[in-house]
Every structure is written in C-alpha cells, then in structure tokens.
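Colleague: Below is the file work.txt, with compact mmCIF, C-alpha atoms.
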# COMPACT_ATOMS: atom_id res chain seq x y z
CA MET G 17 125.40 149.25 151.80
CA LYS G 18 128.56 150.92 150.51
CA HIS G 19 130.54 149.02 153.13
CA PHE G 20 129.30 145.64 151.93
CA GLY G 21 131.87 145.08 149.16
CA PRO G 22 134.97 146.16 151.10
CA HIS G 23 133.78 144.14 154.11
CA VAL G 24 133.44 141.01 151.97
CA ARG G 25 136.82 141.63 150.38
CA ASN G 26 138.45 142.11 153.76
CA LEU G 27 136.97 138.86 155.09
CA ARG G 28 137.93 136.90 151.99
CA GLU G 29 141.45 138.29 151.83
CA THR G 30 142.00 137.48 155.53
CA LEU G 31 141.05 133.88 154.82
CA ARG G 32 143.07 133.77 151.59
CA LYS G 33 146.27 134.63 153.45
CA GLN G 34 145.96 131.26 155.18
CA ASP G 35 144.26 129.26 152.49
CA ARG G 36 144.56 129.75 148.75
CA ARG G 37 141.07 128.33 148.24
CA TYR G 38 139.77 131.73 149.26
CA SER G 39 141.05 133.38 146.10
CA LEU G 40 138.53 135.54 144.27
CA ARG G 41 138.25 132.95 141.51
CA GLN G 42 137.68 129.97 143.78
CA VAL G 43 135.18 131.71 146.07
CA ALA G 44 133.27 132.97 143.02
CA ALA G 45 133.11 129.43 141.65
CA ARG G 46 131.85 128.02 144.93
CA ILE G 47 129.04 130.57 145.22
CA GLY G 48 128.14 130.27 141.53
CA VAL G 49 129.09 133.68 140.13
CA GLU G 50 131.73 134.95 137.68
CA PRO G 51 135.01 136.17 139.23
CA ALA G 52 134.63 139.50 137.42
CA TYR G 53 131.24 140.00 139.03
CA LEU G 54 132.49 139.18 142.53
CA SER G 55 135.38 141.56 141.97
CA LYS G 56 132.94 144.34 141.09
CA VAL G 57 130.86 143.54 144.16
CA GLU G 58 133.94 143.73 146.36
CA ARG G 59 134.93 147.07 144.87
CA GLY G 60 131.41 148.42 145.36
CA GLU G 61 130.97 148.98 141.63
CA VAL G 62 127.71 147.04 141.51
CA ALA G 63 124.92 146.54 144.02
CA PRO G 64 125.24 143.63 146.46
CA PRO G 65 124.21 140.29 144.97
CA SER G 66 120.86 138.54 145.35
CA GLU G 67 119.70 137.16 148.68
CA ALA G 68 120.57 133.59 147.69
CA THR G 69 124.09 134.55 146.61
CA THR G 70 124.64 136.69 149.70
CA VAL G 71 123.61 133.75 151.89
CA LYS G 72 126.06 131.48 150.02
CA LEU G 73 128.77 134.09 150.47
CA ALA G 74 128.04 134.33 154.20
CA HIS G 75 128.25 130.56 154.49
CA GLU G 76 131.52 130.51 152.53
CA LEU G 77 133.08 133.21 154.72
CA ASP G 78 131.68 131.76 157.96
CA GLN G 79 129.58 134.85 158.61
CA ASP G 80 126.06 135.18 159.94
CA ALA G 81 123.79 135.35 156.89
CA ASP G 82 121.37 137.82 158.49
CA VAL G 83 124.21 140.19 159.33
CA LEU G 84 125.62 140.07 155.80
CA LEU G 85 122.13 140.50 154.32
CA ALA G 86 121.59 143.54 156.52
CA MET G 87 124.86 145.01 155.26
CA ALA G 88 123.54 144.42 151.76
CA GLY G 89 120.38 146.34 152.63
CA LYS G 90 118.24 143.20 152.57
CA VAL G 91 116.08 141.22 154.96
CA SER G 92 115.90 137.48 154.39
CA SER G 93 112.76 136.25 152.69
CA ASP G 94 111.91 133.89 155.56
CA LEU G 95 111.84 136.86 157.97
CA GLN G 96 109.70 138.82 155.53
CA ALA G 97 107.28 135.90 155.34
CA ILE G 98 107.06 135.75 159.13
CA ILE G 99 106.26 139.45 159.35
CA ARG G 100 103.74 139.32 156.49
CA LYS G 101 101.87 136.54 158.25
CA ARG G 102 101.28 138.65 161.40
CA PRO G 103 102.29 142.18 160.39
CA GLN G 104 100.74 144.08 163.27
CA VAL G 105 102.15 141.86 165.99
CA PHE G 106 105.67 141.73 164.62
CA ALA G 107 105.79 145.37 163.58
CA GLU G 108 104.81 146.37 167.10
CA LEU G 109 107.23 143.90 168.66
CA ILE G 110 110.14 145.19 166.61
CA ARG G 111 109.29 148.82 167.37
CA GLN G 112 109.00 148.06 171.07
CA LEU G 113 112.36 146.32 171.10
CA LYS G 114 114.27 148.69 168.86
CA LEU G 115 116.11 150.39 171.70
CA ALA G 116 116.30 147.43 174.04
CA PRO G 117 119.78 146.09 174.80
CA ASP G 118 120.70 142.69 173.33
CA HIS G 119 120.29 140.85 176.63
CA ALA G 120 116.73 142.18 176.95
CA VAL G 121 115.88 141.14 173.40
CA LEU G 122 117.27 137.69 174.04
CA ARG G 123 114.88 137.32 176.97
CA VAL G 124 111.96 137.07 174.55
CA VAL G 125 113.71 134.41 172.47
CA ARG G 126 112.59 130.87 173.07
CA GLU G 127 115.21 128.89 174.93
CA VAL G 128 115.97 125.20 174.67
CA ARG G 129 114.87 123.68 177.97
CA GLU G 130 117.73 121.91 179.73
CA GLY G 131 115.60 119.32 181.55
CA GLU G 132 116.77 116.63 183.97
CA TRP G 133 119.16 113.96 182.82
CA MET N 90 121.00 130.22 177.55
CA ILE N 91 120.54 127.88 174.60
CA THR N 92 118.50 128.75 171.55
CA LEU N 93 117.68 126.80 168.43
CA GLU N 94 118.44 128.83 165.31
CA ASN N 95 118.42 127.43 161.78
CA ASN N 96 118.94 123.88 163.03
CA ARG N 97 121.89 124.95 165.14
CA LEU N 98 122.20 125.11 168.89
CA ILE N 99 123.44 128.51 169.99
CA PHE N 100 124.90 128.83 173.47
CA ARG N 101 125.16 132.29 174.94
CA PHE N 102 126.47 133.41 178.30
CA PRO N 103 125.57 137.10 178.46
CA GLU N 104 126.03 137.00 182.24
CA VAL N 105 129.70 136.12 181.68
CA HIS N 106 130.57 138.31 178.68
CA GLU N 107 128.64 139.88 175.83
CA ALA N 108 130.78 137.98 173.34
CA ALA N 109 130.40 134.64 175.13
CA CYS N 110 128.62 132.63 172.48
CA CYS N 111 129.18 129.52 170.38
CA GLU N 112 127.22 127.19 168.14
CA ILE N 113 126.98 123.47 167.53
CA ARG N 114 125.74 121.96 164.30
CA PHE N 115 124.73 118.39 163.58
CA GLN N 116 125.89 117.43 160.13
CA ARG N 117 124.67 114.61 157.95
CA THR N 118 127.55 112.69 156.44
CA LEU N 119 128.67 109.47 154.79
CA ARG N 120 129.12 106.41 156.95
CA ILE N 121 132.74 105.48 156.40
CA PRO N 122 133.52 101.78 155.89
CA ASP N 123 133.86 99.89 159.18
CA ASP N 124 136.60 97.64 157.83
CA GLY N 125 139.57 98.26 160.13
CA GLY N 126 141.14 100.74 157.71
CA GLU N 127 141.61 104.43 158.49
CA TYR N 128 139.75 106.97 156.43
CA PRO N 129 140.05 110.73 156.01
CA LEU N 130 137.24 113.12 156.95
CA PRO N 131 133.98 112.61 155.04
CA PRO N 132 132.02 115.65 153.84
CA GLY N 133 129.12 117.36 155.55
CA LEU N 134 125.92 116.87 153.56
CA GLY N 135 123.80 119.49 155.25
CA PRO N 136 122.32 119.83 158.72
CA PHE N 137 119.99 117.43 160.48
CA PRO N 138 116.69 119.11 161.36
CA LEU N 139 116.45 119.97 165.06
CA ARG N 140 113.20 120.71 166.90
CA HIS N 141 112.27 121.59 170.46
CA LEU N 142 111.30 118.36 172.22
CA ASP N 143 108.60 120.26 174.11
CA ASP N 144 106.68 120.79 170.86
CA TYR N 145 105.77 117.09 170.87
CA ALA N 146 105.08 116.78 174.59
CA ARG N 147 101.84 114.84 174.16
CA ARG N 148 103.31 112.28 171.81
CA ILE N 149 106.56 111.29 173.45
CA PRO N 150 107.34 109.12 176.47
CA GLU N 151 107.50 110.92 179.81
CA ASN N 152 111.15 110.09 180.34
CA TRP N 153 112.02 111.80 177.05
CA LEU N 154 110.05 114.89 178.01
CA ALA N 155 111.85 115.15 181.34
CA ARG N 156 115.20 115.47 179.52
CA GLY N 157 114.11 118.59 177.67
CA GLY N 158 116.42 119.71 174.91
CA VAL N 159 115.89 119.00 171.25
CA ILE N 160 115.05 116.09 168.98
CA MET N 161 116.46 115.11 165.59
CA PRO N 162 115.96 112.21 163.18
CA MET N 163 118.52 109.66 162.01
CA HIS N 164 118.25 106.58 159.86
CA GLN N 165 119.55 103.36 161.35
CA ALA N 166 123.28 103.03 160.62
CA GLU N 167 123.49 106.68 159.55
CA ALA N 168 126.50 108.73 160.70
CA LEU N 169 126.83 112.30 161.90
CA TRP N 170 129.47 114.77 162.92
CA LEU N 171 129.34 117.78 165.16
CA GLY N 172 130.52 121.12 163.82
CA PHE N 173 131.57 123.83 166.23
CA GLY N 174 131.11 127.45 165.19
CA GLY N 175 132.17 130.85 166.34
CA GLY N 176 135.55 130.68 164.66
CA GLY N 177 136.31 134.32 163.92
CA TRP N 178 139.44 136.06 165.15
CA ASP N 179 137.68 137.13 168.35
CA ALA N 180 135.80 133.87 168.90
CA TYR N 181 135.05 133.32 172.57
CA PRO N 182 136.71 130.05 173.65
CA CYS N 183 134.49 127.45 175.27
CA ALA N 184 135.02 123.98 176.67
CA ALA N 185 132.44 121.51 175.35
CA ARG N 186 131.75 118.11 176.80
CA ILE N 187 130.23 115.58 174.41
CA ALA N 188 128.68 112.29 175.46
CA THR N 189 126.49 109.65 173.89
CA GLY N 190 124.23 107.63 176.15
CA LYS N 191 125.88 109.58 178.97
CA ILE N 192 129.28 108.06 178.16
CA CYS N 193 131.97 110.65 177.43
CA ALA N 194 133.05 110.48 173.78
CA ILE N 195 136.58 111.60 174.71
CA THR N 196 137.38 109.47 177.77
CA GLY N 197 134.75 106.71 177.83
CA ALA N 198 133.85 107.61 181.43
CA SER N 199 130.28 107.86 182.71
CA TRP N 200 128.77 111.34 182.62
CA SER N 201 129.45 113.63 185.54
CA GLU N 202 129.22 117.37 185.92
CA GLY N 203 132.25 119.61 185.45
CA LEU N 204 135.51 119.38 183.54
CA SER N 205 138.36 116.98 184.15
CA HIS N 206 141.87 117.70 182.92
CA ALA N 207 143.69 114.41 183.44
CA PRO N 208 142.41 112.90 181.32
CA GLN N 209 140.86 115.82 179.47
CA ASN N 210 137.16 115.14 179.00
CA TYR N 211 136.23 118.07 176.75
CA VAL N 212 137.08 119.75 173.48
CA VAL N 213 138.11 123.37 173.21
CA LEU N 214 136.14 125.55 170.82
CA PRO N 215 136.83 127.01 168.35
CA ALA N 216 140.23 125.29 168.05
CA GLN N 217 138.43 121.96 167.59
CA PRO N 218 136.39 122.52 164.41
CA TRP N 219 134.60 119.17 164.35
CA LEU N 220 134.04 115.96 166.26
CA ASP N 221 133.18 112.92 164.17
CA GLY N 222 133.28 110.18 166.76
CA TYR N 223 134.88 108.51 169.76
CA CYS N 224 138.51 109.21 170.62
CA VAL N 225 139.94 105.67 170.49
CA GLU N 226 143.61 106.39 169.77
CA LYS N 227 145.83 109.41 169.41
CA GLY N 228 144.76 110.92 166.09
CA VAL N 229 142.07 108.30 165.44
CA ILE N 230 138.34 108.35 166.17
CA ARG N 231 135.58 105.85 165.52
CA GLN N 232 132.68 107.46 163.72
CA PHE N 233 129.34 108.17 165.47
CA VAL N 234 126.80 105.76 163.94
CA ALA N 235 123.14 105.66 165.00
CA MET N 236 121.84 102.24 166.07
CA PRO N 237 118.63 101.30 167.88
CA LEU N 238 119.02 101.40 171.62
CA GLY N 239 118.57 97.88 172.99
CA ALA N 240 120.27 96.18 170.05
CA GLY N 241 123.55 96.08 171.94
CA TYR N 242 125.71 98.12 169.55
CA SER N 243 125.79 101.46 171.33
CA VAL N 244 128.76 102.57 173.36
CA GLU N 245 126.38 103.08 176.28
CA GLU N 246 125.32 99.43 176.21
CA GLN N 247 128.84 98.09 175.70
CA ILE N 248 130.36 100.14 178.53
CA SER N 249 127.56 100.55 181.10
CA GLY N 250 125.57 97.43 180.25
CA THR N 251 122.32 99.41 180.14
CA ALA N 252 120.20 100.88 177.36
CA GLU N 253 118.76 103.74 179.32
CA HIS N 254 119.71 107.11 177.83
CA GLY N 255 120.71 106.99 174.18
CA GLY N 256 121.14 110.22 172.28
CA LEU N 257 123.83 112.79 172.75
CA GLN N 258 124.57 115.03 175.68
CA ILE N 259 126.48 118.26 175.38
CA ALA N 260 127.62 120.70 178.04
CA VAL N 261 129.42 123.97 177.33
CA TYR N 262 131.52 126.05 179.73
CA PRO N 263 132.66 129.53 178.72
CA MET N 264 136.12 130.88 179.28
CA LYS N 265 136.39 133.21 182.26
CA ALA N 266 135.70 136.77 181.11
CA GLU N 267 139.02 138.12 182.40
CA ARG N 268 140.96 135.42 180.54
CA TYR N 269 139.09 136.24 177.35
CA GLU N 270 139.85 139.94 177.72
CA ALA N 271 143.51 139.18 178.29
CA LEU N 272 143.50 136.91 175.25
CA MET N 273 141.90 139.55 173.04
CA ARG N 274 143.97 142.51 174.16
CA PRO N 275 146.90 141.90 171.81
CA LYS N 276 144.54 140.93 168.97
CA ARG N 277 142.33 144.00 169.06
CA GLY N 278 143.22 146.50 166.43
CA GLN N 279 143.99 143.64 164.09
CA THR N 280 140.57 141.96 163.67
CA LEU N 281 136.84 140.71 165.49
CA GLY N 282 134.85 137.30 167.40
CA THR N 283 132.16 135.35 169.45
CA GLY N 284 131.67 133.40 172.73
CA PRO N 285 131.24 130.06 174.52
CA ILE N 286 128.30 127.66 174.64
CA MET N 287 127.35 124.41 176.43
CA PHE N 288 124.63 121.95 175.57
CA GLY N 289 123.76 118.25 175.43
CA MET N 290 121.98 116.10 172.95
CA GLY N 291 120.51 112.62 172.96
CA LEU N 292 119.08 110.22 170.40
CA ALA N 293 115.83 108.29 170.68
CA VAL N 294 114.09 105.81 168.42
CA GLY N 295 110.55 104.60 169.03
CA ALA N 296 109.81 104.07 172.68
CA ALA N 297 113.37 102.87 173.27
CA GLY N 298 115.07 105.54 171.22
CA MET N 299 118.38 105.35 169.42
CA GLY N 300 121.91 105.33 170.66
CA MET N 301 125.29 106.06 169.16
CA ALA N 302 127.65 103.26 168.31
CA PRO N 303 131.25 103.28 167.08
CA GLY N 304 131.66 102.91 163.34
CA GLY N 305 134.70 103.00 161.07
CA ARG N 306 138.09 104.45 161.96
CA MET N 307 138.87 107.98 160.88
CA ARG N 308 141.93 110.20 161.12
CA GLN N 309 140.98 113.07 163.41
CA GLU N 310 142.85 114.64 166.27
CA ILE N 311 141.17 115.77 169.48
CA TYR N 312 143.21 118.72 170.65
CA ASP N 313 144.74 119.30 174.04
CA ASP N 314 143.47 122.33 176.00
CA PRO N 315 146.00 125.11 175.29
CA PHE N 316 144.55 127.40 177.98
CA GLY N 317 144.74 125.16 181.06
CA PRO N 318 142.16 124.24 183.69
CA ASP N 319 141.96 127.71 185.27
CA ALA N 320 140.68 129.28 182.07
CA TRP N 321 137.12 127.97 182.33
CA ASP N 322 134.21 129.50 184.19
CA LEU N 323 132.76 126.50 185.98
CA ASN N 324 130.08 128.65 187.61
CA HIS N 325 128.33 129.13 184.30
CA SER N 326 127.39 126.37 181.94
CA SER N 327 124.51 125.18 179.81
CA ARG N 328 123.68 121.67 178.76
CA CYS N 329 121.33 120.05 176.32
CA PHE N 330 120.08 116.54 175.72
CA VAL N 331 119.58 115.74 172.06
CA THR N 332 117.14 112.94 171.58
CA VAL N 333 117.55 111.05 168.33
CA ALA N 334 114.44 109.58 166.78
CA SER N 335 114.47 106.98 164.07
CA SER N 336 113.38 108.31 160.71
CA LEU N 337 110.05 106.47 161.07
CA SER N 338 109.41 107.82 164.56
CA TRP N 339 110.33 111.29 163.36
CA ALA N 340 107.83 111.19 160.52
CA SER N 341 104.96 110.07 162.75
CA LEU N 342 105.94 112.47 165.53
CA THR N 343 106.47 115.64 163.53
CA GLY N 344 104.64 115.00 160.28
CA GLU N 345 107.86 115.97 158.50
CA ARG N 346 109.82 113.81 156.15
CA PRO N 347 113.26 112.98 157.50
CA PRO N 348 116.23 113.83 155.27
CA THR N 349 116.97 111.28 152.58
CA LYS N 350 119.60 108.66 153.28
CA PRO N 351 123.10 109.89 152.42
CA PRO N 352 124.93 108.20 149.55
CA THR N 353 127.18 105.29 150.43
CA ALA N 354 130.89 105.99 150.80
CA GLU N 355 131.46 103.86 147.69
CA ARG N 356 128.97 105.78 145.55
CA TYR N 357 130.25 109.13 146.77
CA THR N 358 133.87 108.23 146.11
CA LYS N 359 133.17 106.75 142.67
CA ALA N 360 131.47 110.02 141.72
CA GLY N 361 134.88 111.66 142.14
CA LEU N 362 133.83 113.78 145.10
CA PRO N 363 136.37 114.83 147.71
CA TRP N 364 137.19 113.71 151.22
CA PHE N 365 139.12 115.94 153.62
CA ASP N 366 142.12 116.08 155.90
CA TYR N 367 142.62 118.75 158.53
CA TYR N 368 145.86 120.17 159.85
CA GLY N 369 145.50 121.99 163.14
CA GLY N 370 148.95 123.53 163.07
CA ASP N 371 151.05 122.85 166.15
CA ALA N 372 148.09 121.92 168.36
CA LYS N 373 148.82 118.83 170.49
CA ALA N 374 146.54 115.81 170.13
CA LEU N 375 145.08 113.92 173.08
CA ASP N 376 145.80 110.25 173.60
CA GLY N 377 142.90 107.94 172.89
CA SER N 378 140.74 106.37 175.59
CA GLU N 379 141.64 102.78 176.47
CA LYS N 380 138.05 102.21 177.53
CA LEU N 381 136.69 103.37 174.17
CA LYS N 382 139.36 101.43 172.32
CA GLN N 383 138.01 98.21 173.81
CA VAL N 384 134.47 98.86 172.56
CA LEU N 385 133.58 96.81 169.48
CA SER N 386 132.53 98.65 166.36
CA VAL N 387 129.17 97.93 164.78
CA ALA N 388 130.71 95.66 162.14
CA GLU N 389 132.95 93.85 164.66
CA LEU N 390 130.04 93.16 166.98
CA GLY N 391 127.89 92.08 164.04
CA GLU N 392 130.56 89.63 162.94
CA LYS N 393 130.80 88.22 166.44
CA THR N 394 127.05 87.65 166.69
CA GLY N 395 126.51 86.56 163.09
CA ALA N 396 124.43 89.64 162.25
CA THR N 397 124.77 92.10 159.37
CA PRO N 398 123.99 95.42 161.01
CA LEU N 399 125.41 97.64 158.27
CA PRO N 400 123.50 97.53 154.99
CA GLU N 401 126.57 98.44 152.93
CA ASN N 402 130.12 98.37 154.18
CA ARG N 403 132.43 97.92 151.22
CA SER N 404 135.93 99.37 151.53
CA VAL N 405 136.76 102.32 149.28
CA ASP N 406 139.98 103.69 147.85
CA VAL N 407 139.98 107.38 148.58
CA GLU N 408 142.00 109.30 146.01
CA LEU N 409 140.72 112.85 146.13
CA ILE N 410 141.54 114.41 149.49
CA ILE N 411 141.38 118.13 150.12
CA ALA N 412 143.71 119.34 152.85
CA LEU N 413 142.11 121.90 155.13
CA ARG N 414 144.08 124.22 157.34
CA LYS N 415 143.19 126.30 160.33
CA THR N 416 141.54 129.26 158.62
CA GLY N 417 138.91 130.50 161.00
CA THR N 418 136.15 128.97 158.89
CA ASP N 419 135.01 125.38 159.11
CA ARG N 420 132.31 125.53 156.49
CA VAL N 421 134.55 124.34 153.69
CA ARG N 422 133.88 120.73 154.66
CA GLU N 423 130.15 121.15 154.24
CA MET N 424 128.74 120.30 150.85
CA THR N 425 125.36 119.81 149.28
CA GLU N 426 124.35 116.37 148.11
Could you take the file, read its structure, and then write that structure out as structure tokens?
Modeller:
Amino acid sequence: MKHFGPHVRNLRETLRKQDRRYSLRQVAARIGVEPAYLSKVERGEVAPPSEATTVKLAHELDQDADVLLAMAGKVSSDLQAIIRKRPQVFAELIRQLKLAPDHAVLRVVREVREGEW
Amino acid sequence: MITLENNRLIFRFPEVHEAACCEIRFQRTLRIPDDGGEYPLPPGLGPFPLRHLDDYARRIPENWLARGGVIMPMHQAEALWLGFGGGGWDAYPCAARIATGKICAITGASWSEGLSHAPQNYVVLPAQPWLDGYCVEKGVIRQFVAMPLGAGYSVEEQISGTAEHGGLQIAVYPMKAERYEALMRPKRGQTLGTGPIMFGMGLAVGAAGMGMAPGGRMRQEIYDDPFGPDAWDLNHSSRCFVTVASSLSWASLTGERPPTKPPTAERYTKAGLPWFDYYGGDAKALDGSEKLKQVLSVAELGEKTGATPLPENRSVDVELIIALRKTGTDRVREMTE
C-alpha cells in the first residue's frame, strides 16, 4: 500500500511530460478531489482514496482498475459481491488457483466463441 | 483467446508472448451531422453493453448463433466508435482488421483472412487510438452509424448488394514475439506494457439485424503501419463477430434496458461541451479508399430516395475543441453524459 502514492505520481508525471492536462490540479479536478488531497495521496501521507476515486484515477491514468485497487489494499465491491454470493465455491477456487501460472488461470475464464462467419 | 471483461473485448495470445494482449471498446457517441462538412472527434459517452451471444442461444436465429461472438444494442441512427487499449510504454503491438457487414472499413474490400499491405487493410494498435468510421479520404472518415439491415443504407448493401451479415467483424494479429522483444530492448529500464488482440463484431436487429452505414465526415487519420509486413505473426490470430441488435430487440432478448439515446450534436455543442482533435505526431496517414468514397452516406441516400432516415441532422458550429496528443492514454476522450 505504501507504493500506491509514488506509483500514481510516477504514472501521472510520465503523462504530464507529454500533456499538461495531467497536472496534479487538472487530474484532481477530473476525478473530483482537491489538488492538496491528491498531492498527499501521491506522497503517501494519507491512505489511498475510496474505491470509487481509485477507479476514476485508474481510468484517468489508463490503468487497470483492479490492479490499482489491489495496490491500494482494496478489492472492488463487485468482486466482493460475487464472492459473498457463493463464498465456499469462490474461496476454494481462489485457493486452488493461487499458485497456478497466469496461462492456467486463464483457462478457466470464459472465452468469447469465435464461431463461423 | 478472447474474453469479455467489463464490456470490453480482451484479446490475449499467451502462446505468442505473455505480454501479447490488447483490448477493444465500443463507445457510445454523438452522431455528427451528415451535412457534407467535416467535424472534429466527438466524445465517448460510455461503453455499449456487450454480452456473450451464446447466452441467448434459444432466442436468436440459427445463423446468428453460428457466428458466435458477442451481441450489443444500438438505436437506429446511433453512432459508435472503437477504442483500442493497451497503450502503456510496453504495449504489445497488434494489427487489427475491422469490417462491417464483412466489408473492410479501411479498404472497402470484401472480407478475407490475413493482412494485406498494399493497400493496408488493418490498423496498428496501440498507435491507432480510435476508429470512428470508414476511411474515405486521407485524414477523413465517415462515421459508423447503425441502420437496419435491409433498408439499403449499410456499406455492405451498397458495395456487395446483399444484406446478409450486418454487424462488425474484428480480427487481431499479434506482433511476432522476437520483433516485440527487439522493440522493447531499448525501452526497458525506462518504463512497462501489454500485448496484441484480434476479434470481430457484427450488428443485428430483429431477425434481419442491423448494419453499419456511413454517416457524417470527420477528421481522423488512419495510420500507416510503421513496422512493416514482416512484423506480424500470421500464425496466431483471433476474431470475433459482434452482432448488433436494435434497442427493441435487445430489451426483449436480454430483459435489460438499452442505454439511453445520446444527446444530439446540436444539444451537446450548445451545452458548451468539448469536441476533440488528435495529433499522432509524425505518423503517416493512409490514403482513403476509392470504393468507400463512392458509397453514399445515410443522408445522401435518404435525399436521393426522398426519405428522412436521420431524425435530427442540423449542422453545428463547433467552437470548443480540445487537442489531444499521443500520451499513452486514450481515455481522455471518454466522458460521462
């Protein structure tokens, strides 16, 4: 979680070098927080923002929201709802897959069928 | 493999490279006036919902089911644009072919497998952040506008003379792994990225489905392939047919409400909201397709036949334009209504 702020700052500053709209002030305005607050988040002086704000930040910085939420020590509420609905099944599934390589995990993901056309 | 995640199609090629991945989004947007003028880029107003076609297997025609892929809703005369993701510093380049009604949106040729380089029949991701329509001239596209298949407006009907397929078709080819590694070598130590994807999508309305027709003219460049024909791994690709259902069909099929109709270009502009222009640096733009240039837009064809296919088509004076540059993020064009 301590890496969250510097990571966000690094991403934003990389974008700002090419586009001034990624200044602290403008990004803060677009995600609906005060610049001073975002500055504190980036410096790690306060805890990462709420789930909704972190998702907006991920969108703004073109990052995967789940990855940024994980860095913030959070799990998105939609995932929590999925697990709460069938806790035993998903808890077991996650434990079983915890050491599996990515390609093995992806095998259990539903694919879009290509079909004939 | 293609997966559907948060209304986005994700293409992964783990057999090529662990980073070989890209995403395609289907964005709701304004329909720009089809008045002969050239307009800047309209905003994204949020994603269209996408669902697995197989989930509605018992309620759709057999020929739709055979196509597989995904289904999405569109209102008649509604526009869309495609957003291409995976734009970080280490993004895995992919070549994406885009067709509507199995007519290539870049060249106007009938669909065939593989990539062609003269003329180029694909866009290169992530250098190409968006595709809003048919490449009709160098630096000019005609917007994708959904019209009922069989009404005669679609590019498919105007070029092939048939109303058979509709929808959108997408195929993605990843860059060869060794080319990607060579590309990344000098960049590593500076920053990170993703990979390539291929898929297809198609539109359907009612039993006939919906097709894509050319709408108003927009300033948008389709970029030349900077890597060359040898860069792409033609042994690995994925493709997806996106069926487009009318909003009414969608509601009865899925039980879900389709998204509301977007505001008109006039209403949006009068509210003081921005349009966009994009500068892709020194990237070279492709010439337009002569075949696509000859296709009549929805308004032009309506005028010829005495119909009024577009419910609102007043010209607008665009004053607020935000210039976007190549930043590695393409989300800045996406807004909420």
Colleague: Considering all atoms listed in the file, tabulate each residue of chain G that lies at most 9 Å from chain N along with its nearest interatomic pair and the corresponding distance in Å to one decimal; arrange the rows by chain and ascending residue number and present them as a tab-separated table.
Modeller:
residue	atom	partner	partner_atom	distance
G:Thr30	CA	N:Thr416	CA	8.8
G:Leu31	CA	N:Thr416	CA	6.0
G:Arg32	CA	N:Thr416	CA	8.5
G:Lys33	CA	N:Thr416	CA	8.8
G:Gln34	CA	N:Thr416	CA	5.9
G:Asp35	CA	N:Thr416	CA	6.7
G:His75	CA	N:Arg420	CA	6.8
G:Glu76	CA	N:Arg420	CA	6.4
G:Leu77	CA	N:Thr418	CA	6.7
G:Asp78	CA	N:Thr418	CA	5.4
G:Gln79	CA	N:Gly177	CA	8.6
G:Asp118	CA	N:Glu107	CA	8.8
G:His119	CA	N:Pro103	CA	6.7
G:Val125	CA	N:Thr92	CA	7.5
G:Arg126	CA	N:Thr92	CA	6.5
G:Glu127	CA	N:Thr92	CA	4.7
G:Val128	CA	N:Ile91	CA	5.3
G:Arg129	CA	N:Gly157	CA	5.2
G:Glu130	CA	N:Cys329	CA	5.3
G:Gly131	CA	N:Gly157	CA	4.2
G:Glu132	CA	N:Arg156	CA	4.9
G:Trp133	CA	N:Arg156	CA	5.4
Colleague: Between CA of Gly344 (chain N) and CA of Ile98 (chain G), measure the distance and give it in Å to one decimal.
Modeller: 20.9 Å
Colleague: As an exercise, work out the distance from CA of Gly172 (chain N) to CA of Arg28 (chain G) in Å and give it to one decimal place.
Modeller: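 Taking CA of Gly172 (chain N) and CA of Arg28 (chain G), their separation equals 21.1 Å.
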Colleague: Identify, on the basis of all atoms listed in the file, every residue whose closest approach to Arg41 (chain G) does not exceed 12 Å; exclude the query and any residue fewer than 6 positions from it along the same chain; express the result as a list in words.
Modeller: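 Selected residues are Arg28, Arg32, Ile47, Gly48, Val49, Glu50, Pro51, Ala52, Tyr53, Leu54 and Ser55 of chain G.
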Colleague: What gap, in Å, lies between CA of Leu214 (chain N) and CA of Leu139 (chain N)?
Modeller: 21.3 Å
Colleague: Restricting the calculation to only C-alpha atoms, which member of G:Met87, G:Ala81, G:Leu109, G:Ala120 is positioned closest to His19 (chain G)?
Modeller: G:Met87
Colleague: Counting all atoms listed in the file, which of N:Leu119, N:Ala235, N:Arg274, N:Ala108 gets nearest to Arg356 (chain N)?
Modeller: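 Going through N:Leu119, N:Ala235, N:Arg274, N:Ala108 one by one, the smallest distance to Arg356 (chain N) is for N:Leu119.
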Colleague: Using only C-alpha atoms, which of N:Gln209, N:Asn96, N:Gln165, N:Ser404 sits nearest Thr358 (chain N)?
Modeller: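 Nearest candidate to Thr358 (chain N) out of N:Gln209, N:Asn96, N:Gln165, N:Ser404: N:Ser404.
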Colleague: Give me the residues near Asp123 (chain N) as number ranges by chain, where near means some atom within 12 Å (using only C-alpha atoms) and where sequence neighbours in that chain fewer than 4 positions away do not count.
Modeller: N: 119, 127-128, 166, 168, 230-234, 302-307, 354, 385-392, 397-405
Colleague: Excluding region 181-190 of chain N and any residue of its chain fewer than 5 positions from it, enumerate the residues within 6 Å of it, using all atoms listed in the file, and give them as a PyMOL selection string.
Modeller: chain N and resi 109+211-214+245+254-264+283-285+287
Colleague: When you look at Ile99 (chain G) with a cut-off of 12 Å (counting all atoms listed in the file), what residues show up, excluding the ones that are within fewer than 6 positions of it in the same chain? I need them as number ranges by chain.
Modeller: G: 91-93, 105-110
Colleague: Skip Lys90 (chain G) itself and residues of its chain fewer than 2 positions away, then list as a compact mmCIF listing (two decimals) with C-alpha atoms, in the frame of the given file all residues within 12 Å of it, counting all atoms listed in the file.
Modeller:
# COMPACT_ATOMS: atom_id res chain seq x y z
CA MET G 17 125.40 149.25 151.80
CA PHE G 20 129.30 145.64 151.93
CA ALA G 63 124.92 146.54 144.02
CA PRO G 64 125.24 143.63 146.46
CA PRO G 65 124.21 140.29 144.97
CA SER G 66 120.86 138.54 145.35
CA GLU G 67 119.70 137.16 148.68
CA ALA G 68 120.57 133.59 147.69
CA THR G 70 124.64 136.69 149.70
CA VAL G 71 123.61 133.75 151.89
CA ALA G 81 123.79 135.35 156.89
CA ASP G 82 121.37 137.82 158.49
CA VAL G 83 124.21 140.19 159.33
CA LEU G 84 125.62 140.07 155.80
CA LEU G 85 122.13 140.50 154.32
CA ALA G 86 121.59 143.54 156.52
CA MET G 87 124.86 145.01 155.26
CA ALA G 88 123.54 144.42 151.76
CA SER G 92 115.90 137.48 154.39
CA SER G 93 112.76 136.25 152.69
CA ASP G 94 111.91 133.89 155.56
CA LEU G 95 111.84 136.86 157.97
CA GLN G 96 109.70 138.82 155.53
Colleague: Some atoms are absent from region 43-48 of chain G, so rebuild N, CA, C and O atoms and return them as a tab-separated table (two decimals), in the frame of the given file.
Modeller:
chain	number	residue	atom	x	y	z
G	43	VAL	N	136.39	131.37	145.30
G	43	VAL	CA	135.18	131.71	146.07
G	43	VAL	C	134.02	131.97	145.10
G	43	VAL	O	132.90	131.50	145.30
G	44	ALA	N	134.31	132.70	144.02
G	44	ALA	CA	133.27	132.97	143.02
G	44	ALA	C	132.69	131.66	142.48
G	44	ALA	O	131.48	131.50	142.35
G	45	ALA	N	133.58	130.72	142.20
G	45	ALA	CA	133.11	129.43	141.65
G	45	ALA	C	132.23	128.72	142.65
G	45	ALA	O	131.19	128.15	142.30
G	46	ARG	N	132.63	128.76	143.92
G	46	ARG	CA	131.85	128.02	144.93
G	46	ARG	C	130.48	128.65	145.19
G	46	ARG	O	129.56	127.96	145.57
G	47	ILE	N	130.36	129.97	144.98
G	47	ILE	CA	129.04	130.57	145.22
G	47	ILE	C	128.27	130.74	143.90
G	47	ILE	O	127.16	131.27	143.90
G	48	GLY	N	128.87	130.30	142.80
G	48	GLY	CA	128.14	130.27	141.53
G	48	GLY	C	128.04	131.60	140.80
G	48	GLY	O	127.05	131.88	140.14
